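Novice: Got a file for you: run33.tsv, TSV, C-alpha atoms.
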chain	number	residue	atom	x	y	z
A	1	MET	CA	0.00	0.00	0.00
A	2	TYR	CA	2.86	2.39	0.77
A	3	ARG	CA	4.37	1.77	-2.65
A	4	ALA	CA	1.05	2.48	-4.35
A	5	TYR	CA	0.05	5.49	-2.27
A	6	GLY	CA	3.12	6.75	-0.37
A	7	GLY	CA	3.87	9.52	-2.87
A	8	LEU	CA	0.26	10.65	-2.96
A	9	VAL	CA	-0.03	10.74	0.82
A	10	TYR	CA	3.23	12.62	1.10
A	11	ALA	CA	2.15	15.15	-1.56
A	12	VAL	CA	-1.09	15.96	0.25
A	13	ALA	CA	0.75	16.29	3.56
A	14	TYR	CA	3.39	18.51	1.98
A	15	ARG	CA	0.69	20.72	0.48
A	16	VAL	CA	-0.78	21.25	3.97
A	17	LEU	CA	2.43	21.51	5.95
A	18	GLY	CA	5.03	22.81	3.50
A	19	ARG	CA	7.88	21.09	5.34
A	20	PRO	CA	9.44	17.73	4.49
A	21	ASP	CA	9.88	16.66	8.12
A	22	LEU	CA	6.26	17.38	9.03
A	23	ALA	CA	5.00	15.84	5.79
A	24	GLU	CA	6.91	12.65	6.62
A	25	GLU	CA	5.42	12.63	10.11
A	26	ALA	CA	1.94	13.01	8.60
A	27	ALA	CA	2.59	10.23	6.09
A	28	GLN	CA	3.75	7.96	8.90
A	29	GLN	CA	0.64	8.75	10.95
A	30	THR	CA	-1.56	8.16	7.92
A	31	PHE	CA	-0.38	4.61	7.41
A	32	VAL	CA	-0.52	3.85	11.13
A	33	ARG	CA	-4.12	5.11	11.29
A	34	ALA	CA	-4.96	3.16	8.15
A	35	TRP	CA	-3.50	0.04	9.70
A	36	GLN	CA	-5.45	0.54	12.91
A	37	ALA	CA	-8.67	1.12	10.96
A	38	ALA	CA	-8.07	-1.58	8.35
A	39	ASP	CA	-11.25	-3.38	9.42
A	40	ARG	CA	-13.23	-0.46	7.99
A	41	LEU	CA	-11.63	-0.76	4.58
A	42	ASP	CA	-13.88	-2.33	2.00
A	43	PRO	CA	-11.59	-4.56	-0.05
A	44	ASN	CA	-13.90	-4.20	-3.02
A	45	ARG	CA	-13.43	-0.48	-3.33
A	46	ASP	CA	-10.48	1.62	-4.36
A	47	PRO	CA	-8.67	2.38	-1.08
A	48	GLY	CA	-7.38	5.68	-2.49
A	49	PRO	CA	-10.20	8.00	-1.35
A	50	TRP	CA	-10.25	6.34	2.08
A	51	LEU	CA	-6.51	6.83	2.45
A	52	ALA	CA	-6.74	10.40	1.13
A	53	THR	CA	-9.25	11.24	3.86
A	54	ILE	CA	-6.95	9.82	6.53
A	55	ALA	CA	-3.98	11.68	5.05
A	56	LYS	CA	-5.83	15.01	5.05
A	57	ARG	CA	-6.90	14.57	8.67
A	58	ALA	CA	-3.42	13.57	9.81
A	59	ALA	CA	-1.85	16.54	8.05
A	60	LEU	CA	-4.44	18.99	9.34
A	61	ASP	CA	-3.98	17.67	12.90
A	62	ILE	CA	-0.26	18.35	12.66
A	63	HIS	CA	-0.95	21.76	11.11
A	64	ARG	CA	-3.17	22.67	14.07
A	65	ARG	CA	-0.54	21.42	16.53
A	66	GLU	CA	2.16	23.49	14.86
A	67	ALA	CA	-0.10	26.55	14.70
A	68	ARG	CA	-0.73	26.29	18.46
A	69	ARG	CA	2.99	25.93	19.10
A	70	ARG	CA	3.80	29.05	17.06
A	71	ALA	CA	1.06	31.07	18.72
A	72	HIS	CA	2.20	29.95	22.17
A	73	SER	CA	5.73	31.20	21.56
A	74	LEU	CA	4.38	34.62	20.67
A	75	ASP	CA	2.49	35.10	23.88
A	76	ASP	CA	2.24	38.85	23.50
A	77	VAL	CA	0.38	38.50	20.21
A	78	ALA	CA	-3.25	37.44	20.03
A	79	THR	CA	-3.58	33.86	18.80
A	80	ASP	CA	-6.05	34.95	16.14
A	81	HIS	CA	-3.71	37.63	14.81
A	82	PRO	CA	-3.44	37.15	11.06
A	83	ALA	CA	0.33	37.40	11.25
A	84	VAL	CA	0.65	34.26	13.33
A	85	VAL	CA	-2.20	32.14	12.05
A	86	THR	CA	-1.59	30.25	8.83
A	87	LEU	CA	-4.72	28.72	7.43
A	88	PRO	CA	-4.33	25.29	5.88
A	89	PRO	CA	-5.38	24.77	2.27
A	90	ASP	CA	-9.08	23.99	1.90
A	91	THR	CA	-10.02	20.33	1.57
A	92	ASP	CA	-11.19	20.75	-2.03
A	93	SER	CA	-7.74	21.83	-3.08
A	94	LEU	CA	-6.26	18.87	-1.16
A	95	ASP	CA	-8.55	16.53	-3.08
A	96	ALA	CA	-7.37	18.23	-6.25
A	97	VAL	CA	-3.71	17.74	-5.26
A	98	TRP	CA	-4.40	14.04	-4.79
A	99	GLN	CA	-6.13	13.75	-8.16
A	100	VAL	CA	-3.55	15.78	-10.08
A	101	ARG	CA	-0.71	13.85	-8.51
A	102	ARG	CA	-2.40	10.56	-9.31
A	103	ALA	CA	-2.98	11.64	-12.91
A	104	ILE	CA	0.67	12.61	-13.26
A	105	GLU	CA	1.81	9.28	-11.83
A	106	SER	CA	-0.22	7.58	-14.56
A	107	LEU	CA	1.78	9.34	-17.30
A	108	PRO	CA	4.83	7.70	-18.88
A	109	PRO	CA	7.95	9.09	-17.16
A	110	ASP	CA	9.16	10.97	-20.24
A	111	GLU	CA	5.84	12.82	-20.53
A	112	ALA	CA	5.64	13.52	-16.80
A	113	THR	CA	9.15	14.98	-16.92
A	114	ILE	CA	8.15	17.43	-19.64
A	115	VAL	CA	5.02	18.51	-17.77
A	116	ARG	CA	7.10	19.05	-14.63
A	117	LEU	CA	9.71	21.10	-16.47
A	118	GLN	CA	7.03	23.22	-18.13
A	119	HIS	CA	4.94	23.93	-15.08
A	120	LEU	CA	7.21	23.61	-12.06
A	121	GLU	CA	10.53	24.74	-13.46
A	122	ASP	CA	8.88	27.17	-15.83
A	123	ILE	CA	11.09	26.55	-18.83
A	124	THR	CA	10.30	26.71	-22.53
A	125	HIS	CA	10.09	23.92	-25.10
A	126	THR	CA	13.45	24.92	-26.55
A	127	GLU	CA	15.13	24.83	-23.14
A	128	ILE	CA	13.50	21.49	-22.30
A	129	ALA	CA	14.77	20.08	-25.60
A	130	ALA	CA	18.29	21.24	-24.80
A	131	LYS	CA	18.11	19.96	-21.24
A	132	LEU	CA	16.87	16.51	-22.25
A	133	GLY	CA	18.88	16.29	-25.46
A	134	ILE	CA	15.87	15.70	-27.69
A	135	ALA	CA	14.30	17.58	-30.58
A	136	VAL	CA	11.93	20.49	-29.91
A	137	GLY	CA	9.30	18.71	-32.00
A	138	THR	CA	9.54	15.68	-29.70
A	139	VAL	CA	9.07	17.92	-26.66
A	140	LYS	CA	6.01	19.48	-28.26
A	141	SER	CA	4.43	16.16	-29.23
A	142	ARG	CA	5.08	14.61	-25.80
A	143	SER	CA	3.75	17.74	-24.12
A	144	HIS	CA	0.62	17.63	-26.25
A	145	ARG	CA	0.06	13.93	-25.50
A	146	ALA	CA	0.61	14.46	-21.79
A	147	HIS	CA	-1.74	17.42	-21.55
A	148	THR	CA	-4.40	15.62	-23.55
A	149	LYS	CA	-4.23	12.72	-21.09
A	150	LEU	CA	-4.28	15.07	-18.10
A	151	ALA	CA	-7.27	16.90	-19.54
A	152	ALA	CA	-9.10	13.59	-19.93
A	153	LEU	CA	-8.16	12.37	-16.45
A	154	LEU	CA	-8.87	15.67	-14.73
A	155	GLY	CA	-11.78	16.88	-16.81
A	156	HIS	CA	-14.07	16.60	-13.80
A	157	LEU	CA	-12.02	19.32	-12.11
A	158	ARG	CA	-13.13	21.80	-14.73
A	159	GLU	CA	-16.56	20.64	-15.78
A	160	PRO	CA	-18.77	23.63	-16.46
A	161	ALA	CA	-21.63	24.16	-14.05
A	162	SER	CA	-24.82	22.77	-15.49
B	1	MET	CA	11.75	35.39	-10.84
B	2	THR	CA	9.82	36.40	-13.93
B	3	LYS	CA	7.53	33.70	-15.21
B	4	ARG	CA	8.55	32.82	-18.74
B	5	VAL	CA	5.69	30.37	-19.24
B	6	SER	CA	2.76	32.71	-18.93
B	7	ASN	CA	-0.57	31.81	-17.40
B	8	ALA	CA	-2.05	32.09	-20.89
B	9	ASP	CA	0.47	29.45	-22.05
B	10	ARG	CA	-0.45	27.19	-19.14
B	11	TRP	CA	-4.13	27.55	-19.89
B	12	ALA	CA	-3.51	26.76	-23.55
B	13	LEU	CA	-1.62	23.61	-22.56
B	14	ILE	CA	-4.32	22.48	-20.18
B	15	THR	CA	-7.26	23.26	-22.43
B	16	GLY	CA	-5.54	21.93	-25.55
B	17	GLY	CA	-5.50	25.30	-27.23
B	18	ARG	CA	-9.27	25.65	-27.16
B	19	THR	CA	-10.29	28.90	-28.81
B	20	ARG	CA	-13.72	29.49	-27.32
B	21	PRO	CA	-13.77	31.54	-24.13
B	22	LEU	CA	-14.01	29.58	-20.91
B	23	VAL	CA	-17.10	30.01	-18.80
B	24	PRO	CA	-16.33	31.25	-15.27
B	25	SER	CA	-16.58	27.81	-13.64
B	26	GLU	CA	-14.16	26.37	-16.22
B	27	ALA	CA	-11.81	29.29	-15.74
B	28	THR	CA	-11.76	28.69	-11.98
B	29	GLU	CA	-10.94	25.02	-12.38
B	30	VAL	CA	-8.33	25.56	-15.07
B	31	SER	CA	-6.76	28.17	-12.86
B	32	LEU	CA	-6.66	25.63	-9.99
B	33	LEU	CA	-5.13	23.01	-12.26
B	34	ALA	CA	-2.52	25.46	-13.52
B	35	GLU	CA	-1.71	26.41	-9.94
B	36	LEU	CA	-1.38	22.77	-8.87
B	37	LEU	CA	0.83	21.85	-11.81
B	38	ALA	CA	3.16	24.67	-10.80
B	39	ASP	CA	3.02	23.75	-7.09
B	40	PRO	CA	6.01	21.87	-5.64
B	41	SER	CA	3.69	19.66	-3.57
B	42	THR	CA	2.39	18.09	-6.78
B	43	TRP	CA	5.88	16.93	-7.66
B	44	VAL	CA	7.59	16.43	-4.34
B	45	GLU	CA	8.87	12.94	-3.49
B	46	PRO	CA	9.45	11.55	-0.01
B	47	GLN	CA	12.89	10.38	0.98
B	48	ALA	CA	13.66	6.77	0.16
B	49	GLY	CA	13.85	5.88	3.84
B	50	LEU	CA	10.26	6.86	4.56
B	51	GLU	CA	8.92	3.44	3.58
B	52	ASP	CA	11.07	1.77	6.26
B	53	THR	CA	10.01	4.41	8.78
B	54	VAL	CA	6.35	3.81	7.99
B	55	VAL	CA	6.69	0.03	8.26
B	56	ARG	CA	8.45	0.37	11.61
B	57	ALA	CA	5.76	2.75	12.88
B	58	VAL	CA	3.01	0.38	11.81
B	59	VAL	CA	4.73	-2.57	13.45
B	60	ASP	CA	5.20	-0.55	16.63
B	61	ALA	CA	1.53	0.44	16.56
B	62	GLY	CA	0.63	-3.13	17.44
B	63	PRO	CA	-1.71	-5.71	16.09
B	64	TYR	CA	-4.50	-5.04	13.67
B	65	LEU	CA	-8.15	-4.89	14.83
B	66	HIS	CA	-7.21	-4.17	18.46
B	67	LEU	CA	-6.84	-7.87	19.14
B	68	ALA	CA	-5.51	-8.74	22.54
B	69	PRO	CA	-1.92	-9.87	22.19
B	70	GLU	CA	-1.23	-13.55	22.58
B	71	PRO	CA	0.45	-14.38	25.89
B	72	GLN	CA	4.19	-14.53	25.32
B	73	PRO	CA	6.58	-16.76	27.22
B	74	VAL	CA	8.79	-14.79	29.55
B	75	PRO	CA	12.23	-14.45	27.96
B	76	THR	CA	14.94	-16.02	30.01
B	77	SER	CA	17.73	-13.71	28.96
B	78	ARG	CA	18.43	-10.45	27.17
B	79	TRP	CA	19.42	-12.48	24.08
B	80	HIS	CA	16.09	-14.31	24.13
B	81	HIS	CA	14.34	-11.01	24.64
B	82	ARG	CA	16.03	-9.52	21.59
B	83	VAL	CA	15.28	-12.61	19.50
B	84	ALA	CA	11.64	-12.46	20.59
B	85	MET	CA	11.41	-8.76	19.72
B	86	ILE	CA	12.99	-9.24	16.29
B	87	GLY	CA	10.79	-12.27	15.63
B	88	GLY	CA	7.70	-10.39	16.72
B	89	ALA	CA	8.53	-7.42	14.54
B	90	ALA	CA	9.24	-9.68	11.58
B	91	ALA	CA	5.97	-11.55	12.09
B	92	ALA	CA	4.06	-8.29	12.36
B	93	ALA	CA	5.72	-7.03	9.18
B	94	VAL	CA	4.75	-10.23	7.37
B	95	ILE	CA	1.17	-9.88	8.59
B	96	LEU	CA	1.15	-6.23	7.54
B	97	ILE	CA	2.41	-6.98	4.06
B	98	ALA	CA	0.04	-9.92	3.73
B	99	LEU	CA	-2.94	-7.87	4.85
B	100	PHE	CA	-2.21	-4.93	2.61
B	101	ALA	CA	-1.33	-7.17	-0.31
B	102	GLY	CA	-4.47	-9.17	0.39
B	103	VAL	CA	-6.55	-6.05	0.16
B	104	PHE	CA	-5.36	-5.51	-3.38
B	105	VAL	CA	-5.68	-9.15	-4.35
B	106	ARG	CA	-9.23	-9.22	-3.07
B	107	HIS	CA	-9.84	-5.84	-4.63
B	108	THR	CA	-9.11	-7.29	-8.03
B	109	GLU	CA	-10.62	-10.76	-7.51
B	110	ALA	CA	-13.78	-10.27	-5.44
B	111	ARG	CA	-16.83	-9.36	-7.46
B	112	ILE	CA	-20.23	-8.19	-6.32
B	113	VAL	CA	-22.77	-10.77	-7.43
B	114	TYR	CA	-25.86	-9.18	-5.84
B	115	ASP	CA	-26.62	-5.67	-4.77
B	116	GLY	CA	-29.53	-3.64	-3.55
B	117	GLU	CA	-30.70	-0.46	-1.85
B	118	LEU	CA	-32.38	-0.56	1.56
B	119	GLN	CA	-35.18	1.85	2.39
B	120	ALA	CA	-35.88	3.28	5.83
B	121	THR	CA	-38.99	2.45	7.79
B	122	ALA	CA	-40.83	4.75	10.20
B	123	LEU	CA	-38.64	3.46	13.05
B	124	ALA	CA	-35.56	5.17	11.59
B	125	PRO	CA	-36.81	7.51	8.88
B	126	SER	CA	-33.43	9.12	8.18
B	127	ALA	CA	-31.61	5.84	7.71
B	128	HIS	CA	-30.45	4.59	4.35
B	129	ALA	CA	-28.16	1.82	3.19
B	130	SER	CA	-26.89	-0.12	0.25
B	131	ALA	CA	-25.68	-3.69	0.18
B	132	GLY	CA	-23.24	-5.56	-1.99
B	133	VAL	CA	-22.89	-9.35	-1.86
B	134	MET	CA	-19.79	-11.28	-2.84
B	135	GLN	CA	-19.61	-15.03	-3.10
B	136	SER	CA	-16.75	-17.11	-1.79
B	137	ASP	CA	-16.15	-20.69	-0.77
B	138	ALA	CA	-17.22	-19.76	2.77
B	139	GLY	CA	-20.61	-18.40	1.70
B	140	PHE	CA	-21.92	-14.97	0.82
B	141	ARG	CA	-20.19	-11.91	2.22
B	142	VAL	CA	-22.67	-9.06	2.57
B	143	VAL	CA	-21.16	-5.59	2.87
B	144	LEU	CA	-23.72	-3.16	4.22
B	145	ASP	CA	-23.02	0.55	3.83
B	146	ALA	CA	-25.47	1.94	6.39
B	147	HIS	CA	-25.97	5.54	7.39
B	148	GLU	CA	-28.03	7.49	9.92
B	149	LEU	CA	-28.96	4.51	12.02
B	150	PRO	CA	-29.50	5.88	15.52
B	151	GLN	CA	-27.39	4.79	18.45
B	152	LEU	CA	-29.34	2.17	20.35
B	153	PRO	CA	-29.70	2.00	24.12
B	154	GLU	CA	-27.65	-0.54	25.99
B	155	GLY	CA	-28.97	-4.06	25.59
B	156	ARG	CA	-30.24	-3.48	22.05
B	157	TYR	CA	-28.50	-4.03	18.75
B	158	TYR	CA	-29.16	-4.21	15.05
B	159	GLN	CA	-29.53	-7.54	13.34
B	160	ALA	CA	-29.43	-8.10	9.59
B	161	TRP	CA	-31.49	-10.79	7.89
B	162	LEU	CA	-32.01	-12.38	4.51
B	163	LYS	CA	-35.61	-13.44	3.96
B	164	ASN	CA	-37.46	-15.41	1.33
B	165	ALA	CA	-40.85	-14.70	-0.18
B	166	GLN	CA	-42.55	-16.71	2.60
B	167	GLY	CA	-41.03	-14.44	5.25
B	168	ILE	CA	-38.60	-17.04	6.56
B	169	GLY	CA	-35.52	-15.19	7.77
B	170	VAL	CA	-31.89	-16.21	8.07
B	171	PRO	CA	-29.83	-14.07	10.46
B	172	ILE	CA	-26.61	-12.83	8.87
B	173	GLY	CA	-25.05	-10.82	11.69
B	174	THR	CA	-25.42	-8.13	14.30
B	175	PHE	CA	-23.93	-4.69	14.71
B	176	SER	CA	-24.29	-1.44	16.61
B	177	SER	CA	-25.19	1.89	15.01
B	178	SER	CA	-23.07	2.59	11.99
B	179	GLN	CA	-21.92	5.32	9.67
B	180	ASP	CA	-19.64	2.92	7.93
B	181	TYR	CA	-19.33	-0.46	6.30
B	182	VAL	CA	-20.52	-3.56	8.11
B	183	THR	CA	-19.45	-6.97	6.90
B	184	LEU	CA	-21.98	-9.77	7.38
B	185	TRP	CA	-21.98	-13.39	6.32
B	186	ALA	CA	-24.77	-15.55	4.95
B	187	GLY	CA	-24.83	-19.25	4.22
B	188	ALA	CA	-28.10	-18.89	2.31
B	189	SER	CA	-28.11	-17.70	-1.26
B	190	PRO	CA	-29.78	-14.39	-2.12
B	191	ASP	CA	-31.32	-16.31	-5.03
B	192	GLU	CA	-33.59	-18.01	-2.49
B	193	PHE	CA	-33.53	-15.29	0.17
B	194	PRO	CA	-33.52	-12.05	-1.81
B	195	ILE	CA	-34.99	-9.70	0.81
B	196	ILE	CA	-32.51	-8.00	3.11
B	197	SER	CA	-33.63	-6.28	6.26
B	198	VAL	CA	-32.25	-4.83	9.47
B	199	THR	CA	-34.18	-5.09	12.71
B	200	ILE	CA	-33.72	-3.87	16.26
B	201	GLU	CA	-33.25	-6.75	18.66
B	202	ALA	CA	-32.89	-7.10	22.39
B	203	ALA	CA	-30.04	-8.98	23.98
B	204	ASP	CA	-32.18	-11.78	25.42
B	205	ASP	CA	-32.76	-15.46	24.88
B	206	ASN	CA	-35.34	-14.93	22.15
B	207	GLN	CA	-33.63	-15.68	18.84
B	208	ALA	CA	-36.69	-14.84	16.70
B	209	SER	CA	-36.93	-11.54	14.92
B	210	SER	CA	-38.55	-8.73	16.87
B	211	GLY	CA	-40.21	-7.54	13.69
B	212	GLN	CA	-38.96	-4.01	14.39
B	213	ALA	CA	-37.45	-3.42	10.94
B	214	VAL	CA	-35.54	-0.20	10.35
B	215	LEU	CA	-34.27	-0.95	6.83
B	216	VAL	CA	-35.68	-3.18	4.11
B	217	GLY	CA	-34.58	-3.85	0.56
B	218	GLN	CA	-34.36	-6.35	-2.24
B	219	LEU	CA	-31.16	-7.89	-3.57
B	220	HIS	CA	-30.73	-8.30	-7.29
B	221	ALA	CA	-28.24	-10.40	-9.21
B	222	VAL	CA	-25.60	-8.20	-10.84
In structure tokens, write the structure found in this file.

Specialist:
Amino acid sequence: MYRAYGGLVYAVAYRVLGRPDLAEEAAQQTFVRAWQAADRLDPNRDPGPWLATIAKRAALDIHRREARRRAHSLDDVATDHPAVVTLPPDTDSLDAVWQVRRAIESLPPDEATIVRLQHLEDITHTEIAAKLGIAVGTVKSRSHRAHTKLAALLGHLREPAS
Amino acid sequence: MTKRVSNADRWALITGGRTRPLVPSEATEVSLLAELLADPSTWVEPQAGLEDTVVRAVVDAGPYLHLAPEPQPVPTSRWHHRVAMIGGAAAAAVILIALFAGVFVRHTEARIVYDGELQATALAPSAHASAGVMQSDAGFRVVLDAHELPQLPEGRYYQAWLKNAQGIGVPIGTFSSSQDYVTLWAGASPDEFPIISVTIEAADDNQASSGQAVLVGQLHAV
């Protein structure tokens, strides 16, 4: 289960907590909680959504703990002061992180690499081609294929309101 | 740092270069997708050692299903103690892997052969449930996904039944109030006992149904 979902759990935790050490703690707690609640897992359903729910709760629990710790150390500042309170991402966006991450993991590695370079590292087709040592046309075709697949997999994220 | 891949470029990539204007709801979602694709958390990978850390934490968390631990013989020396600890951890790891692997094996092999929706009665008007039935060598595994069943007072519990057209019922298991899945087992086939119901029963020596049904439905072959 870790090998299938470890990266997803870690990504959601990282989105909430923004720190590798806390995200690892949340991932660890997620699998422990999943283990302790394994009797509630329906083996005939995809365990992903169930695990995502546990991951979100574990990460948000740690976020609340860390927020209290920060507020406590600033005892001359009100705990609800906007400067010391960091709101966690809303749960919809955490669901979206899970789904986007899962969609990316379903891409062939060469396509996922191009999507990452385009969006995360913010570099152009020409620079990607130079970096990977492939033709610009290959970058463009792989990018197009990857985005077409992502659009199909994530279409529900942008369905127009009926 | 100046963004060299503009938001317009990102949108074009995500929407496949669609020319018609996006409606506001589409624009919101495309914007979210563009943001997530540019977010480090979408791409971040845990350290390689996290898997070992997780397995150790799960092993340390103790046995699955809150089972009471088996009595262990008292170790006679520190060496025996260490051997027992290592053996216990290894056994727990094997159980863990087997359980989690089993989940996936069953996920791919088990198939729902009957299903049905259960309707609430006046005794629990907010309740609702669905049931899926899988067949195995041991019988029929009925997974009931029940919601809004009220908490019962002490000494009372819910009992699930399969019934035939003549009203003869076969008990398939008991449970307390639930917002989650309940696994029940039946030796009788839903072909012959297609009606599924849940009643409120008292913890007494009367094994017959109380007749106080809270959920009733019909199972259909899938």

Novice: Expressed in Å to a single decimal, how great is the separation between atom CA of Gln36 of chain A and atom CA of Arg111 of chain B?

Specialist: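 Computing it gives 25.3 Å between the two atoms.
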
Novice: Please list as a list of chain:residue names every residue within 12 Å of Ala129 of chain A, counting only C-alpha atoms and excluding residues in the same chain fewer than 5 positions away.

Specialist: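 These residues fall inside the cut-off: A:Asp110, A:Thr113, A:Ile114, A:Leu117, A:Gln118, A:Ile123, A:Thr124, A:Ile134, A:Ala135, A:Val136, A:Gly137, A:Thr138, A:Val139, A:Lys140, A:Ser141, A:Arg142, A:Ser143.
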
Novice: Determine, counting only C-alpha atoms, which protein, DNA and RNA residues have an atom within 12 Å of an atom of Arg19 of chain A; residues of the same chain fewer than 5 positions away are not included. Present the result as JSON, numbers by chain.

Specialist: {"A": [10, 11, 12, 13, 14, 24, 25, 26, 59, 62, 63, 66], "B": [40, 41, 44, 46]}

Novice: Taking all atoms listed in the file into account, which of A:Asp92, A:Trp98, A:Asn44, A:Trp50 comes nearest Phe31 of chain A?

Specialist: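 Among A:Asp92, A:Trp98, A:Asn44, A:Trp50, it is A:Trp50 that comes nearest to Phe31 of chain A.
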
Novice: In Å, with one decimal, what is the gap from atom CA of Glu154 of chain B to atom CA of Thr174 of chain B?

Specialist: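 A separation of 14.1 Å between them.
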
Novice: What is the atom CA of Thr148 of chain A to atom CA of Val97 of chain A distance in Å?

Specialist: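 Atom CA of Thr148 of chain A sits 18.4 Å away from atom CA of Val97 of chain A.
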
Novice: Which residue is closest to Pro43 of chain A? Choose from B:Gly132, B:Pro125, B:Gly116, B:Gly211 and count all atoms listed in the file.

Specialist: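 Among B:Gly132, B:Pro125, B:Gly116, B:Gly211, it is B:Gly132 that comes nearest to Pro43 of chain A.
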
Novice: Could you tell me which of A:Leu17, A:Ala55, A:Leu60, A:Ala4 comes closest to Gln29 of chain A if we count only C-alpha atoms?

Specialist: A:Ala55

Novice: Between B:Gly173, B:Val182, B:Ala146, B:Ala131, which is the closest to chain A once you count all atoms listed in the file?

Specialist: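 Result for the nearest residue to chain A: B:Val182.
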
Novice: Which one is closest to Leu215 of chain B: B:Ser31, B:Ser130, B:Gln119, B:Thr53? Count only C-alpha atoms.

Specialist: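 With only C-alpha atoms as the atom set, the closest residue is B:Gln119.
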
Novice: Could you please give me, as a PDB file with C-alpha atoms, keeping the file's coordinate frame, the residues of protein, DNA or RNA lying at most 7 Å from (-3.9, 15.9, -13.4) in the coordinate frame of the file, considering only C-alpha atoms?

Specialist:
ATOM      1  CA  GLN A  99      -6.130  13.750  -8.160  1.00  0.00           C
ATOM      2  CA  VAL A 100      -3.550  15.780 -10.080  1.00  0.00           C
ATOM      3  CA  ARG A 101      -0.710  13.850  -8.510  1.00  0.00           C
ATOM      4  CA  ARG A 102      -2.400  10.560  -9.310  1.00  0.00           C
ATOM      5  CA  ALA A 103      -2.980  11.640 -12.910  1.00  0.00           C
ATOM      6  CA  ILE A 104       0.670  12.610 -13.260  1.00  0.00           C
ATOM      7  CA  LEU A 150      -4.280  15.070 -18.100  1.00  0.00           C
ATOM      8  CA  LEU A 153      -8.160  12.370 -16.450  1.00  0.00           C
ATOM      9  CA  LEU A 154      -8.870  15.670 -14.730  1.00  0.00           C
TER      10      LEU A 154
END

Novice: From the options A:Asp122, A:Glu111, A:Asp90, A:Asp95, which residue's atoms come nearest to chain B, counting all atoms listed in the file?

Specialist: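 Of all the options, A:Asp122 lies closest to chain B.
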
Novice: Would you list the contacts of Leu50 of chain B as a PDB file with C-alpha atoms, in the frame of the given file, taking every protein, DNA or RNA residue within 9 Å and counting all atoms listed in the file, but skipping same-chain residues closer than 6 positions in sequence?

Specialist:
ATOM      1  CA  GLY A   6       3.120   6.750  -0.370  1.00  0.00           C
ATOM      2  CA  GLU A  24       6.910  12.650   6.620  1.00  0.00           C
ATOM      3  CA  ALA A  27       2.590  10.230   6.090  1.00  0.00           C
ATOM      4  CA  GLN A  28       3.750   7.960   8.900  1.00  0.00           C
TER       5      GLN A  28
END

Novice: Using all atoms listed in the file - which residues lie no farther than 9 Å from the point (-18.8, -9.2, -6.5) in the file's frame? Write them as a compact mmCIF listing (two decimals) with C-alpha atoms, in the coordinates of the input.

Specialist:
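What follows is the written file part_22.txt:
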# COMPACT_ATOMS: atom_id res chain seq x y z
CA ASN A 44 -13.90 -4.20 -3.02
CA GLU B 109 -10.62 -10.76 -7.51
CA ALA B 110 -13.78 -10.27 -5.44
CA ARG B 111 -16.83 -9.36 -7.46
CA ILE B 112 -20.23 -8.19 -6.32
CA VAL B 113 -22.77 -10.77 -7.43
CA TYR B 114 -25.86 -9.18 -5.84
CA ASP B 115 -26.62 -5.67 -4.77
CA GLY B 132 -23.24 -5.56 -1.99
CA VAL B 133 -22.89 -9.35 -1.86
CA MET B 134 -19.79 -11.28 -2.84
CA GLN B 135 -19.61 -15.03 -3.10
CA VAL B 222 -25.60 -8.20 -10.84

Novice: Which polymer residues have any atom within 7 Å of an atom of segment 197-210 of chain B, counting all atoms listed in the file, with same-chain residues fewer than 5 positions away left out, as a PyMOL selection string?

Specialist: chain B and resi 155-162+215-217

Novice: Place N, CA and C atoms on segment 163-171 of chain B and deliver the coordinates as an mmCIF file, in the coordinates of the input.

Specialist:
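Generated file (out-v3.cif):
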data_model
loop_
_atom_site.group_PDB
_atom_site.id
_atom_site.type_symbol
_atom_site.label_atom_id
_atom_site.label_comp_id
_atom_site.auth_asym_id
_atom_site.auth_seq_id
_atom_site.Cartn_x
_atom_site.Cartn_y
_atom_site.Cartn_z
ATOM 1 N N LYS B 163 -34.308 -12.774 3.853
ATOM 2 C CA LYS B 163 -35.610 -13.440 3.960
ATOM 3 C C LYS B 163 -36.058 -13.914 2.596
ATOM 4 N N ASN B 164 -36.885 -14.958 2.597
ATOM 5 C CA ASN B 164 -37.460 -15.410 1.330
ATOM 6 C C ASN B 164 -38.886 -14.874 1.194
ATOM 7 N N ALA B 165 -39.523 -15.248 0.112
ATOM 8 C CA ALA B 165 -40.850 -14.700 -0.180
ATOM 9 C C ALA B 165 -41.882 -15.129 0.856
ATOM 10 N N GLN B 166 -41.612 -16.243 1.561
ATOM 11 C CA GLN B 166 -42.550 -16.710 2.600
ATOM 12 C C GLN B 166 -42.297 -16.037 3.940
ATOM 13 N N GLY B 167 -41.309 -15.161 3.999
ATOM 14 C CA GLY B 167 -41.030 -14.440 5.250
ATOM 15 C C GLY B 167 -40.102 -15.178 6.179
ATOM 16 N N ILE B 168 -39.548 -16.311 5.711
ATOM 17 C CA ILE B 168 -38.600 -17.040 6.560
ATOM 18 C C ILE B 168 -37.268 -16.308 6.518
ATOM 19 N N GLY B 169 -36.731 -15.999 7.700
ATOM 20 C CA GLY B 169 -35.520 -15.190 7.770
ATOM 21 C C GLY B 169 -34.304 -15.980 8.219
ATOM 22 N N VAL B 170 -33.173 -15.629 7.656
ATOM 23 C CA VAL B 170 -31.890 -16.210 8.070
ATOM 24 C C VAL B 170 -31.047 -15.067 8.634
ATOM 25 N N PRO B 171 -30.653 -15.148 9.912
ATOM 26 C CA PRO B 171 -29.830 -14.070 10.460
ATOM 27 C C PRO B 171 -28.441 -14.060 9.825
#
